[in-house]
Amino acid sequence: MQKAFKECITNSKSEWVGEVDRAEQQVIGLQRDDETVQKFAQFSTYIKREIEKEGFTSLAMRCWPDFFNNLGAAPCSTLSQFTEDGMVTSCESDIDGSISMFILRELAKGNAPYLGDLVHIDEEKNSAVFWHCGAGAYSLARPDTGATAGVHPNRKIGLAMDFGLKAGEVTIFRVSHTPGGYRLSFTKLIC
């Protein structure tokens, strides 16, 4: 990853500007001249070349604190755009999360999955809250708000996605590893 951080910023603008153009089509409020937007595009361009060269089908990237400290940008936008475009990508080196996303994408005929942390259950209201720092695929945004540009909630660095998820039928699925081996957990809900 350190090599990618160092080498990606040497790409010429003509190599990475297409990534900004692509994001600008779907992200409301994107400031194309913002330094973190440019770093997102530089890094995305570099990693896309590696994906093609190695034939990857999904990724799990260590994001914390590497992206913030060594690139000066949030990883969320790269993960969002990759997942939107069919390359499921999880953060926090969550390999099981990436595998889960890959399986869900295949079962959903190519529709983008979402990687979220279960952070709260309210049994009285029969509700659960799933959250993540800003790496949702653009197509998962609520239609009334769309995918909007934001900053990472802890580091206050861009570019991250800032939106609630659209309503509809949801499959909650997770591959996880326990001392007894791998397990699958899933449920289906209407949101």
# chains A, B, ... in the order shown; residues from 1 in each chain; ligands from 1
$ closest_atom_pairs --of "stretch 123-164 of chain A" --to "stretch 22-38 of chain A" --cutoff "10 Å" --atoms "only C-alpha atoms" --output "JSON lines"
{"residue": "A:Tyr138", "atom": "CA", "partner": "A:Gln26", "partner_atom": "CA", "distance": 6.7}
{"residue": "A:Ser139", "atom": "CA", "partner": "A:Gln26", "partner_atom": "CA", "distance": 8.6}
{"residue": "A:Thr145", "atom": "CA", "partner": "A:Ile28", "partner_atom": "CA", "distance": 8.8}
{"residue": "A:Gly146", "atom": "CA", "partner": "A:Ile28", "partner_atom": "CA", "distance": 7.0}
{"residue": "A:Ala147", "atom": "CA", "partner": "A:Val27", "partner_atom": "CA", "distance": 5.1}
{"residue": "A:Thr148", "atom": "CA", "partner": "A:Ile28", "partner_atom": "CA", "distance": 4.5}
{"residue": "A:Ala149", "atom": "CA", "partner": "A:Leu30", "partner_atom": "CA", "distance": 5.4}
{"residue": "A:Gly150", "atom": "CA", "partner": "A:Gly29", "partner_atom": "CA", "distance": 8.4}
{"residue": "A:Val151", "atom": "CA", "partner": "A:Thr36", "partner_atom": "CA", "distance": 9.7}
{"residue": "A:Ile157", "atom": "CA", "partner": "A:Thr36", "partner_atom": "CA", "distance": 7.5}
{"residue": "A:Gly158", "atom": "CA", "partner": "A:Thr36", "partner_atom": "CA", "distance": 5.6}
{"residue": "A:Leu159", "atom": "CA", "partner": "A:Thr36", "partner_atom": "CA", "distance": 5.9}
{"residue": "A:Ala160", "atom": "CA", "partner": "A:Val37", "partner_atom": "CA", "distance": 9.5}
{"residue": "A:Met161", "atom": "CA", "partner": "A:Val27", "partner_atom": "CA", "distance": 8.1}
{"residue": "A:Asp162", "atom": "CA", "partner": "A:Val27", "partner_atom": "CA", "distance": 9.6}
$ write_last_selection --atoms "C-alpha atoms" --output "PDB file, in the first residue's frame"
ATOM      1  CA  TYR A 138     -23.576   5.676  -5.212  1.00  0.00           C
ATOM      2  CA  SER A 139     -26.576   3.610  -6.327  1.00  0.00           C
ATOM      3  CA  THR A 145     -30.825  13.051  -1.384  1.00  0.00           C
ATOM      4  CA  GLY A 146     -28.579  11.214  -3.814  1.00  0.00           C
ATOM      5  CA  ALA A 147     -24.948  10.440  -3.137  1.00  0.00           C
ATOM      6  CA  THR A 148     -23.381  13.546  -1.655  1.00  0.00           C
ATOM      7  CA  ALA A 149     -19.746  14.467  -1.102  1.00  0.00           C
ATOM      8  CA  GLY A 150     -18.636  14.616   2.510  1.00  0.00           C
ATOM      9  CA  VAL A 151     -15.728  14.118   4.856  1.00  0.00           C
ATOM     10  CA  ILE A 157     -10.825  14.607   5.595  1.00  0.00           C
ATOM     11  CA  GLY A 158     -12.485  14.066   2.209  1.00  0.00           C
ATOM     12  CA  LEU A 159     -13.584  12.477   0.109  1.00  0.00           C
ATOM     13  CA  ALA A 160     -16.249  10.292   1.702  1.00  0.00           C
ATOM     14  CA  MET A 161     -19.870   9.653   0.775  1.00  0.00           C
ATOM     15  CA  ASP A 162     -22.512  11.225   2.999  1.00  0.00           C
TER      16      ASP A 162
END
$ select_by_dssp --residues "stretch 74-129 of chain A" --states "alpha helix (DSSP H)" --output "VMD selection string"
chain A and resid 76 to 84 95 to 107
$ write_last_selection --atoms "C-alpha atoms" --output "mmCIF file, in the first residue's frame"
data_model
loop_
_atom_site.group_PDB
_atom_site.id
_atom_site.type_symbol
_atom_site.label_atom_id
_atom_site.label_comp_id
_atom_site.auth_asym_id
_atom_site.auth_seq_id
_atom_site.Cartn_x
_atom_site.Cartn_y
_atom_site.Cartn_z
ATOM 1 C CA CYS A 76 -14.073 5.950 1.281
ATOM 2 C CA SER A 77 -14.474 7.509 -2.170
ATOM 3 C CA THR A 78 -12.237 4.905 -3.792
ATOM 4 C CA LEU A 79 -14.156 2.083 -2.152
ATOM 5 C CA SER A 80 -17.485 3.676 -3.118
ATOM 6 C CA GLN A 81 -16.628 4.080 -6.775
ATOM 7 C CA PHE A 82 -15.012 0.653 -7.086
ATOM 8 C CA THR A 83 -18.024 -1.075 -5.505
ATOM 9 C CA GLU A 84 -20.380 0.943 -7.702
ATOM 10 C CA ILE A 95 -11.320 -9.842 4.022
ATOM 11 C CA ASP A 96 -14.432 -11.635 5.285
ATOM 12 C CA GLY A 97 -16.416 -8.460 4.537
ATOM 13 C CA SER A 98 -15.056 -8.368 0.991
ATOM 14 C CA ILE A 99 -15.962 -12.033 0.484
ATOM 15 C CA SER A 100 -19.437 -11.334 1.878
ATOM 16 C CA MET A 101 -19.854 -8.387 -0.499
ATOM 17 C CA PHE A 102 -18.665 -10.482 -3.451
ATOM 18 C CA ILE A 103 -21.189 -13.243 -2.702
ATOM 19 C CA LEU A 104 -24.005 -10.712 -2.273
ATOM 20 C CA ARG A 105 -23.135 -8.961 -5.529
ATOM 21 C CA GLU A 106 -23.206 -12.289 -7.375
ATOM 22 C CA LEU A 107 -26.539 -13.299 -5.809
#
$ closest_residue --among "A:Glu50, A:Glu19, A:Glu169, A:Asp66" --to "A:Asp85" --atoms "only C-alpha atoms"
A:Glu19
$ residues_around --residues "A:His132" --least-positions-apart "3" --cutoff "10 Å" --atoms "only C-alpha atoms" --output "number ranges by chain"
A: 76, 91, 114-119, 135-136, 152-153, 161-162
$ residues_around --residues "A:Gln2" --least-positions-apart "3" --cutoff "8 Å" --atoms "only C-alpha atoms" --output "number ranges by chain"
A: 5-6, 70
$ residues_around --residues "A:Met61" --least-positions-apart "2" --cutoff "7 Å" --atoms "only C-alpha atoms" --output "list of chain:residue names"
A:Leu59, A:Cys63, A:Ser90, A:Cys91, A:Glu92, A:Ser93
$ residues_around --residues "A:Lys166" --least-positions-apart "3" --cutoff "9 Å" --atoms "only C-alpha atoms" --output "ChimeraX atom specification"
/A:139-144,191
$ write_last_selection --atoms "all heavy atoms" --output "PDB file, in the first residue's frame"
ATOM      1  N   SER A 139     -25.221   4.076  -6.020  1.00  0.00           N
ATOM      2  CA  SER A 139     -26.576   3.610  -6.327  1.00  0.00           C
ATOM      3  C   SER A 139     -27.360   3.215  -5.082  1.00  0.00           C
ATOM      4  O   SER A 139     -28.568   2.992  -5.159  1.00  0.00           O
ATOM      5  CB  SER A 139     -26.523   2.426  -7.291  1.00  0.00           C
ATOM      6  OG  SER A 139     -25.765   1.365  -6.728  1.00  0.00           O
ATOM      7  N   LEU A 140     -26.719   3.140  -3.933  1.00  0.00           N
ATOM      8  CA  LEU A 140     -27.405   2.786  -2.694  1.00  0.00           C
ATOM      9  C   LEU A 140     -27.963   3.999  -1.952  1.00  0.00           C
ATOM     10  O   LEU A 140     -28.638   3.851  -0.938  1.00  0.00           O
ATOM     11  CB  LEU A 140     -26.446   2.014  -1.770  1.00  0.00           C
ATOM     12  CG  LEU A 140     -25.926   0.694  -2.338  1.00  0.00           C
ATOM     13  CD1 LEU A 140     -24.912   0.072  -1.385  1.00  0.00           C
ATOM     14  CD2 LEU A 140     -27.071  -0.261  -2.618  1.00  0.00           C
ATOM     15  N   ALA A 141     -27.712   5.194  -2.453  1.00  0.00           N
ATOM     16  CA  ALA A 141     -28.180   6.420  -1.790  1.00  0.00           C
ATOM     17  C   ALA A 141     -29.689   6.579  -1.912  1.00  0.00           C
ATOM     18  O   ALA A 141     -30.286   6.171  -2.908  1.00  0.00           O
ATOM     19  CB  ALA A 141     -27.488   7.639  -2.394  1.00  0.00           C
ATOM     20  N   ARG A 142     -30.270   7.179  -0.890  1.00  0.00           N
ATOM     21  CA  ARG A 142     -31.695   7.526  -0.945  1.00  0.00           C
ATOM     22  C   ARG A 142     -31.929   8.406  -2.174  1.00  0.00           C
ATOM     23  O   ARG A 142     -31.184   9.361  -2.408  1.00  0.00           O
ATOM     24  CB  ARG A 142     -32.104   8.306   0.288  1.00  0.00           C
ATOM     25  CG  ARG A 142     -32.094   7.515   1.550  1.00  0.00           C
ATOM     26  CD  ARG A 142     -32.348   8.358   2.767  1.00  0.00           C
ATOM     27  NE  ARG A 142     -33.262   9.464   2.500  1.00  0.00           N
ATOM     28  CZ  ARG A 142     -33.701  10.304   3.410  1.00  0.00           C
ATOM     29  NH1 ARG A 142     -33.297  10.178   4.654  1.00  0.00           N
ATOM     30  NH2 ARG A 142     -34.517  11.281   3.108  1.00  0.00           N
ATOM     31  N   PRO A 143     -32.974   8.135  -2.939  1.00  0.00           N
ATOM     32  CA  PRO A 143     -33.225   8.926  -4.153  1.00  0.00           C
ATOM     33  C   PRO A 143     -33.493  10.407  -3.874  1.00  0.00           C
ATOM     34  O   PRO A 143     -33.163  11.248  -4.702  1.00  0.00           O
ATOM     35  CB  PRO A 143     -34.461   8.271  -4.773  1.00  0.00           C
ATOM     36  CG  PRO A 143     -34.551   6.929  -4.161  1.00  0.00           C
ATOM     37  CD  PRO A 143     -33.889   7.002  -2.827  1.00  0.00           C
ATOM     38  N   ASP A 144     -34.058  10.719  -2.714  1.00  0.00           N
ATOM     39  CA  ASP A 144     -34.375  12.125  -2.432  1.00  0.00           C
ATOM     40  C   ASP A 144     -33.147  12.952  -2.071  1.00  0.00           C
ATOM     41  O   ASP A 144     -33.178  14.178  -2.143  1.00  0.00           O
ATOM     42  CB  ASP A 144     -35.437  12.239  -1.332  1.00  0.00           C
ATOM     43  CG  ASP A 144     -34.994  11.636  -0.011  1.00  0.00           C
ATOM     44  OD1 ASP A 144     -34.234  10.645  -0.013  1.00  0.00           O
ATOM     45  OD2 ASP A 144     -35.407  12.155   1.039  1.00  0.00           O
ATOM     46  N   CYS A 191     -36.950  -2.480   4.484  1.00  0.00           N
ATOM     47  CA  CYS A 191     -36.640  -1.196   5.145  1.00  0.00           C
ATOM     48  C   CYS A 191     -37.430  -0.066   4.506  1.00  0.00           C
ATOM     49  O   CYS A 191     -37.673  -0.046   3.356  1.00  0.00           O
ATOM     50  CB  CYS A 191     -35.158  -0.883   5.031  1.00  0.00           C
ATOM     51  SG  CYS A 191     -34.133  -2.108   5.858  1.00  0.00           S
TER      52      CYS A 191
END
$ closest_residue --among "A:Ile51, A:Tyr46, A:Gly164, A:Phe68" --to "A:Cys8" --atoms "only C-alpha atoms"
A:Tyr46
